[in-house]
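To be precise, the following lines are final.cif, and they hold mmCIF, N, CA and C atoms.
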```cif
data_entry
#
loop_
_atom_site.group_PDB
_atom_site.id
_atom_site.type_symbol
_atom_site.label_atom_id
_atom_site.label_comp_id
_atom_site.auth_asym_id
_atom_site.auth_seq_id
_atom_site.Cartn_x
_atom_site.Cartn_y
_atom_site.Cartn_z
ATOM 1 N N MET V 1 129.340 79.994 98.154
ATOM 2 C CA MET V 1 128.903 81.320 98.557
ATOM 3 C C MET V 1 130.150 82.175 98.782
ATOM 4 N N ASN V 2 130.122 83.382 98.209
ATOM 5 C CA ASN V 2 131.194 84.323 98.489
ATOM 6 C C ASN V 2 131.090 84.728 99.945
ATOM 7 N N GLN V 3 132.234 84.876 100.574
ATOM 8 C CA GLN V 3 132.204 85.162 102.001
ATOM 9 C C GLN V 3 133.104 86.329 102.337
ATOM 10 N N ARG V 4 132.789 86.951 103.423
ATOM 11 C CA ARG V 4 133.660 87.965 104.010
ATOM 12 C C ARG V 4 133.803 87.636 105.483
ATOM 13 N N THR V 5 134.813 88.156 106.097
ATOM 14 C CA THR V 5 135.081 87.875 107.501
ATOM 15 C C THR V 5 134.713 89.105 108.324
ATOM 16 N N LEU V 6 134.037 88.839 109.435
ATOM 17 C CA LEU V 6 133.634 89.892 110.352
ATOM 18 C C LEU V 6 134.094 89.485 111.743
ATOM 19 N N GLN V 7 134.816 90.358 112.388
ATOM 20 C CA GLN V 7 135.271 90.072 113.754
ATOM 21 C C GLN V 7 134.471 90.945 114.706
ATOM 22 N N LEU V 8 133.837 90.305 115.675
ATOM 23 C CA LEU V 8 133.030 91.014 116.658
ATOM 24 C C LEU V 8 133.609 90.815 118.052
ATOM 25 N N SER V 9 133.497 91.830 118.863
ATOM 26 C CA SER V 9 133.911 91.733 120.262
ATOM 27 C C SER V 9 132.669 91.835 121.130
ATOM 28 N N PHE V 10 132.492 90.827 121.992
ATOM 29 C CA PHE V 10 131.358 90.795 122.907
ATOM 30 C C PHE V 10 131.879 90.888 124.328
ATOM 31 N N PRO V 11 131.116 91.518 125.211
ATOM 32 C CA PRO V 11 131.529 91.556 126.618
ATOM 33 C C PRO V 11 131.550 90.145 127.198
ATOM 34 N N ASN V 12 132.420 89.920 128.135
ATOM 35 C CA ASN V 12 132.519 88.612 128.790
ATOM 36 C C ASN V 12 131.256 88.248 129.552
ATOM 37 N N THR V 13 130.389 89.203 129.789
ATOM 38 C CA THR V 13 129.154 88.926 130.523
ATOM 39 C C THR V 13 128.124 88.184 129.670
ATOM 40 N N ILE V 14 128.325 88.138 128.355
ATOM 41 C CA ILE V 14 127.420 87.378 127.488
ATOM 42 C C ILE V 14 127.761 85.909 127.645
ATOM 43 N N GLU V 15 126.757 85.136 128.041
ATOM 44 C CA GLU V 15 126.996 83.746 128.397
ATOM 45 C C GLU V 15 127.002 82.794 127.198
ATOM 46 N N GLN V 16 126.473 83.212 126.048
ATOM 47 C CA GLN V 16 126.419 82.327 124.894
ATOM 48 C C GLN V 16 127.824 82.055 124.360
ATOM 49 N N SER V 17 127.994 80.819 123.874
ATOM 50 C CA SER V 17 129.266 80.438 123.258
ATOM 51 C C SER V 17 129.361 81.075 121.878
ATOM 52 N N ASP V 18 130.550 81.046 121.302
ATOM 53 C CA ASP V 18 130.744 81.570 119.953
ATOM 54 C C ASP V 18 129.846 80.841 118.957
ATOM 55 N N GLU V 19 129.693 79.528 119.143
ATOM 56 C CA GLU V 19 128.860 78.738 118.236
ATOM 57 C C GLU V 19 127.394 79.163 118.335
ATOM 58 N N GLU V 20 126.937 79.414 119.545
ATOM 59 C CA GLU V 20 125.553 79.836 119.726
ATOM 60 C C GLU V 20 125.320 81.224 119.139
ATOM 61 N N LEU V 21 126.291 82.109 119.277
ATOM 62 C CA LEU V 21 126.164 83.441 118.692
ATOM 63 C C LEU V 21 126.116 83.361 117.169
ATOM 64 N N ARG V 22 126.919 82.480 116.578
ATOM 65 C CA ARG V 22 126.868 82.290 115.124
ATOM 66 C C ARG V 22 125.497 81.783 114.707
ATOM 67 N N LEU V 23 124.941 80.877 115.489
ATOM 68 C CA LEU V 23 123.613 80.343 115.191
ATOM 69 C C LEU V 23 122.558 81.439 115.308
ATOM 70 N N LEU V 24 122.636 82.252 116.336
ATOM 71 C CA LEU V 24 121.679 83.344 116.509
ATOM 72 C C LEU V 24 121.714 84.319 115.335
ATOM 73 N N ILE V 25 122.903 84.661 114.888
ATOM 74 C CA ILE V 25 123.043 85.575 113.753
ATOM 75 C C ILE V 25 122.496 84.929 112.488
ATOM 76 N N ALA V 26 122.851 83.667 112.268
ATOM 77 C CA ALA V 26 122.374 82.957 111.078
ATOM 78 C C ALA V 26 120.854 82.824 111.097
ATOM 79 N N ALA V 27 120.288 82.529 112.266
ATOM 80 C CA ALA V 27 118.838 82.384 112.385
ATOM 81 C C ALA V 27 118.127 83.694 112.064
ATOM 82 N N LYS V 28 118.662 84.781 112.538
ATOM 83 C CA LYS V 28 118.043 86.085 112.269
ATOM 84 C C LYS V 28 118.130 86.435 110.786
ATOM 85 N N LEU V 29 119.274 86.168 110.164
ATOM 86 C CA LEU V 29 119.411 86.445 108.735
ATOM 87 C C LEU V 29 118.506 85.555 107.900
ATOM 88 N N TYR V 30 118.285 84.334 108.363
ATOM 89 C CA TYR V 30 117.340 83.445 107.697
ATOM 90 C C TYR V 30 115.917 83.962 107.888
ATOM 91 N N GLU V 31 115.595 84.344 109.109
ATOM 92 C CA GLU V 31 114.240 84.795 109.436
ATOM 93 C C GLU V 31 113.840 86.012 108.610
ATOM 94 N N ASN V 32 114.769 86.935 108.394
ATOM 95 C CA ASN V 32 114.404 88.141 107.647
ATOM 96 C C ASN V 32 114.586 87.987 106.136
ATOM 97 N N GLY V 33 114.943 86.783 105.691
ATOM 98 C CA GLY V 33 115.003 86.503 104.263
ATOM 99 C C GLY V 33 116.312 86.848 103.587
ATOM 100 N N THR V 34 117.322 87.232 104.365
ATOM 101 C CA THR V 34 118.612 87.565 103.788
ATOM 102 C C THR V 34 119.347 86.323 103.294
ATOM 103 N N LEU V 35 119.227 85.205 104.028
ATOM 104 C CA LEU V 35 119.881 83.951 103.670
ATOM 105 C C LEU V 35 118.853 82.846 103.492
ATOM 106 N N THR V 36 119.167 81.888 102.617
ATOM 107 C CA THR V 36 118.360 80.675 102.528
ATOM 108 C C THR V 36 118.725 79.801 103.718
ATOM 109 N N SER V 37 117.952 78.758 103.936
ATOM 110 C CA SER V 37 118.259 77.865 105.054
ATOM 111 C C SER V 37 119.621 77.201 104.865
ATOM 112 N N GLY V 38 119.968 76.864 103.637
ATOM 113 C CA GLY V 38 121.272 76.262 103.377
ATOM 114 C C GLY V 38 122.417 77.218 103.666
ATOM 115 N N GLN V 39 122.264 78.471 103.252
ATOM 116 C CA GLN V 39 123.299 79.472 103.514
ATOM 117 C C GLN V 39 123.424 79.752 105.010
ATOM 118 N N ALA V 40 122.289 79.848 105.677
ATOM 119 C CA ALA V 40 122.306 80.103 107.116
ATOM 120 C C ALA V 40 122.931 78.935 107.872
ATOM 121 N N ALA V 41 122.628 77.717 107.429
ATOM 122 C CA ALA V 41 123.220 76.540 108.056
ATOM 123 C C ALA V 41 124.743 76.569 107.911
ATOM 124 N N GLU V 42 125.200 76.929 106.727
ATOM 125 C CA GLU V 42 126.652 77.015 106.499
ATOM 126 C C GLU V 42 127.281 78.071 107.398
ATOM 127 N N LEU V 43 126.629 79.224 107.503
ATOM 128 C CA LEU V 43 127.133 80.285 108.378
ATOM 129 C C LEU V 43 127.205 79.821 109.826
ATOM 130 N N ALA V 44 126.202 79.060 110.248
ATOM 131 C CA ALA V 44 126.154 78.566 111.629
ATOM 132 C C ALA V 44 127.103 77.396 111.860
ATOM 133 N N GLY V 45 127.651 76.827 110.777
ATOM 134 C CA GLY V 45 128.554 75.686 110.925
ATOM 135 C C GLY V 45 127.812 74.391 111.214
ATOM 136 N N LEU V 46 126.571 74.306 110.731
ATOM 137 C CA LEU V 46 125.736 73.137 110.981
ATOM 138 C C LEU V 46 125.269 72.542 109.658
ATOM 139 N N SER V 47 124.824 71.298 109.724
ATOM 140 C CA SER V 47 124.150 70.749 108.560
ATOM 141 C C SER V 47 122.810 71.461 108.429
ATOM 142 N N LYS V 48 122.214 71.384 107.258
ATOM 143 C CA LYS V 48 120.934 72.046 107.056
ATOM 144 C C LYS V 48 119.885 71.485 108.011
ATOM 145 N N ARG V 49 119.883 70.170 108.185
ATOM 146 C CA ARG V 49 118.916 69.544 109.091
ATOM 147 C C ARG V 49 119.113 70.024 110.535
ATOM 148 N N ALA V 50 120.369 70.054 110.983
ATOM 149 C CA ALA V 50 120.655 70.495 112.356
ATOM 150 C C ALA V 50 120.263 71.957 112.548
ATOM 151 N N PHE V 51 120.497 72.768 111.527
ATOM 152 C CA PHE V 51 120.125 74.185 111.610
ATOM 153 C C PHE V 51 118.616 74.326 111.750
ATOM 154 N N ILE V 52 117.873 73.627 110.902
ATOM 155 C CA ILE V 52 116.419 73.710 110.936
ATOM 156 C C ILE V 52 115.879 73.262 112.295
ATOM 157 N N GLU V 53 116.478 72.217 112.843
ATOM 158 C CA GLU V 53 116.055 71.751 114.169
ATOM 159 C C GLU V 53 116.402 72.783 115.247
ATOM 160 N N ALA V 54 117.566 73.403 115.133
ATOM 161 C CA ALA V 54 118.039 74.330 116.168
ATOM 162 C C ALA V 54 117.255 75.637 116.195
ATOM 163 N N ILE V 55 116.842 76.146 115.036
ATOM 164 C CA ILE V 55 116.191 77.456 115.038
ATOM 165 C C ILE V 55 114.821 77.427 115.698
ATOM 166 N N GLY V 56 114.246 76.248 115.832
ATOM 167 C CA GLY V 56 112.986 76.140 116.567
ATOM 168 C C GLY V 56 113.139 76.577 118.016
ATOM 169 N N ASN V 57 114.340 76.421 118.565
ATOM 170 C CA ASN V 57 114.606 76.848 119.941
ATOM 171 C C ASN V 57 114.575 78.367 120.093
ATOM 172 N N TYR V 58 114.646 79.078 118.954
ATOM 173 C CA TYR V 58 114.652 80.541 118.973
ATOM 174 C C TYR V 58 113.367 81.109 118.379
ATOM 175 N N ASN V 59 112.342 80.252 118.278
ATOM 176 C CA ASN V 59 111.039 80.658 117.735
ATOM 177 C C ASN V 59 111.135 81.218 116.322
ATOM 178 N N VAL V 60 112.043 80.669 115.536
ATOM 179 C CA VAL V 60 112.165 81.041 114.129
ATOM 180 C C VAL V 60 111.506 79.936 113.319
ATOM 181 N N SER V 61 110.565 80.316 112.480
ATOM 182 C CA SER V 61 109.851 79.350 111.655
ATOM 183 C C SER V 61 110.714 78.926 110.472
ATOM 184 N N ILE V 62 110.620 77.662 110.114
ATOM 185 C CA ILE V 62 111.357 77.192 108.934
ATOM 186 C C ILE V 62 110.638 77.594 107.660
ATOM 187 N N PHE V 63 109.445 78.089 107.770
ATOM 188 C CA PHE V 63 108.667 78.512 106.612
ATOM 189 C C PHE V 63 108.791 80.022 106.464
ATOM 190 N N SER V 64 109.593 80.442 105.511
ATOM 191 C CA SER V 64 109.824 81.871 105.330
ATOM 192 C C SER V 64 108.652 82.568 104.670
ATOM 193 N N GLY V 65 107.806 81.798 103.993
ATOM 194 C CA GLY V 65 106.660 82.402 103.341
ATOM 195 C C GLY V 65 106.961 82.951 101.967
ATOM 196 N N LEU V 66 108.210 82.899 101.553
ATOM 197 C CA LEU V 66 108.574 83.410 100.243
ATOM 198 C C LEU V 66 108.803 82.260 99.284
ATOM 199 N N VAL V 67 108.068 82.229 98.213
ATOM 200 C CA VAL V 67 108.179 81.159 97.233
ATOM 201 C C VAL V 67 109.583 81.130 96.632
ATOM 202 N N ALA V 68 110.168 82.288 96.401
ATOM 203 C CA ALA V 68 111.505 82.348 95.816
ATOM 204 C C ALA V 68 112.523 81.669 96.721
ATOM 205 N N ASP V 69 112.382 81.839 98.030
ATOM 206 C CA ASP V 69 113.298 81.181 98.969
ATOM 207 C C ASP V 69 113.139 79.681 98.904
ATOM 208 N N LEU V 70 111.902 79.221 98.837
ATOM 209 C CA LEU V 70 111.644 77.791 98.746
ATOM 210 C C LEU V 70 112.244 77.228 97.478
ATOM 211 N N GLU V 71 112.065 77.908 96.367
ATOM 212 C CA GLU V 71 112.626 77.444 95.106
ATOM 213 C C GLU V 71 114.151 77.420 95.164
ATOM 214 N N ALA V 72 114.761 78.417 95.775
ATOM 215 C CA ALA V 72 116.216 78.451 95.915
ATOM 216 C C ALA V 72 116.707 77.309 96.791
ATOM 217 N N ASP V 73 115.988 77.032 97.875
ATOM 218 C CA ASP V 73 116.351 75.912 98.748
ATOM 219 C C ASP V 73 116.281 74.594 97.995
ATOM 220 N N ILE V 74 115.256 74.429 97.179
ATOM 221 C CA ILE V 74 115.105 73.184 96.404
ATOM 222 C C ILE V 74 116.246 73.045 95.407
ATOM 223 N N GLN V 75 116.597 74.117 94.736
ATOM 224 C CA GLN V 75 117.680 74.075 93.764
ATOM 225 C C GLN V 75 119.024 73.816 94.431
ATOM 226 N N ASN V 76 119.215 74.317 95.641
ATOM 227 C CA ASN V 76 120.501 74.173 96.345
ATOM 228 C C ASN V 76 120.596 72.917 97.172
ATOM 229 N N ALA V 77 119.521 72.135 97.223
ATOM 230 C CA ALA V 77 119.508 70.917 98.042
ATOM 231 C C ALA V 77 120.362 69.832 97.433
#
```

What is this file in structure tokens?
Amino acid sequence: MNQRTLQLSFPNTIEQSDEELRLLIAAKLYENGTLTSGQAAELAGLSKRAFIEAIGNYNVSIFSGLVADLEADIQNA
């Protein structure tokens, strides 16, 4: 995957770790269909299985509902 670097500054009052923030961003991009589960897992720095397990904690469904996403996930598996 082609990548770009984004540097964000968060207030110290945000209690989430950098890893958790990466997961939250990846989960949201997966949820809205911008990334496949494999791409989102890579962004979060997790295996695909760990990512799928983790997003349940944020009420994100692993079923995107888009057939094209499912086909892409199968091809990239």

For atom C of Tyr30 of chain V and atom CA of Val60 of chain V, quote the distance in Å rounded to one decimal.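 Atom-to-atom, atom C of Tyr30 of chain V and atom CA of Val60 of chain V are spaced 7.8 Å apart.
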
Report, in Å to a single decimal, how far apart atom CA of Arg4 of chain V and atom CA of Ser17 of chain V are.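 Interatomic distance here is 21.1 Å.
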
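For the residues V:Asp73, V:Tyr58, V:Phe10, V:Glu53, ranking by smallest atom-to-atom distance to Gln39 of chain V using only N, CA and C atoms places V:Asp73 first.
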
Looking at only C-alpha atoms, which of V:Leu6, V:Ile25, V:Ala77, V:Leu70 is the one that sits closest to Ser47 of chain V? V:Ala77

On this structure, which residues satisfy the PyMOL selection byres (((chain V and resi 8 and name CA) around 12) and name CA), written as a PyMOL selection string? chain V and resi 5-7+9-11+18+21-22+25

Under the rule that only N, CA and C atoms are counted, which of V:Glu71, V:Asn12, V:Asn76, V:Ser37 is the nearest residue to Arg49 of chain V? V:Ser37

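Here atom C of Asn59 of chain V and atom CA of Lys28 of chain V stand 9.4 Å from one another.
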
Tell me, as a list in words, which residues lie within 12 Å of Asn57 of chain V, counting only C-alpha atoms; anything in the same chain fewer than 3 positions away does not count.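 Contacts, in chain order: Glu20, Leu23, Leu24, Ala27, Ala50, Phe51, Ile52, Glu53, Ala54, Val60, Ser61 and Ile62 of chain V.
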
Keeping only N, CA and C atoms, take the residues you just selected and write them out as a compact mmCIF listing (two decimals), keeping the file's coordinate frame.
```txt
# COMPACT_ATOMS: atom_id res chain seq x y z
N GLU V 20 126.94 79.41 119.54
CA GLU V 20 125.55 79.84 119.73
C GLU V 20 125.32 81.22 119.14
N LEU V 23 124.94 80.88 115.49
CA LEU V 23 123.61 80.34 115.19
C LEU V 23 122.56 81.44 115.31
N LEU V 24 122.64 82.25 116.34
CA LEU V 24 121.68 83.34 116.51
C LEU V 24 121.71 84.32 115.34
N ALA V 27 120.29 82.53 112.27
CA ALA V 27 118.84 82.38 112.38
C ALA V 27 118.13 83.69 112.06
N ALA V 50 120.37 70.05 110.98
CA ALA V 50 120.66 70.50 112.36
C ALA V 50 120.26 71.96 112.55
N PHE V 51 120.50 72.77 111.53
CA PHE V 51 120.12 74.18 111.61
C PHE V 51 118.62 74.33 111.75
N ILE V 52 117.87 73.63 110.90
CA ILE V 52 116.42 73.71 110.94
C ILE V 52 115.88 73.26 112.30
N GLU V 53 116.48 72.22 112.84
CA GLU V 53 116.06 71.75 114.17
C GLU V 53 116.40 72.78 115.25
N ALA V 54 117.57 73.40 115.13
CA ALA V 54 118.04 74.33 116.17
C ALA V 54 117.26 75.64 116.20
N VAL V 60 112.04 80.67 115.54
CA VAL V 60 112.16 81.04 114.13
C VAL V 60 111.51 79.94 113.32
N SER V 61 110.56 80.32 112.48
CA SER V 61 109.85 79.35 111.66
C SER V 61 110.71 78.93 110.47
N ILE V 62 110.62 77.66 110.11
CA ILE V 62 111.36 77.19 108.93
C ILE V 62 110.64 77.59 107.66
```
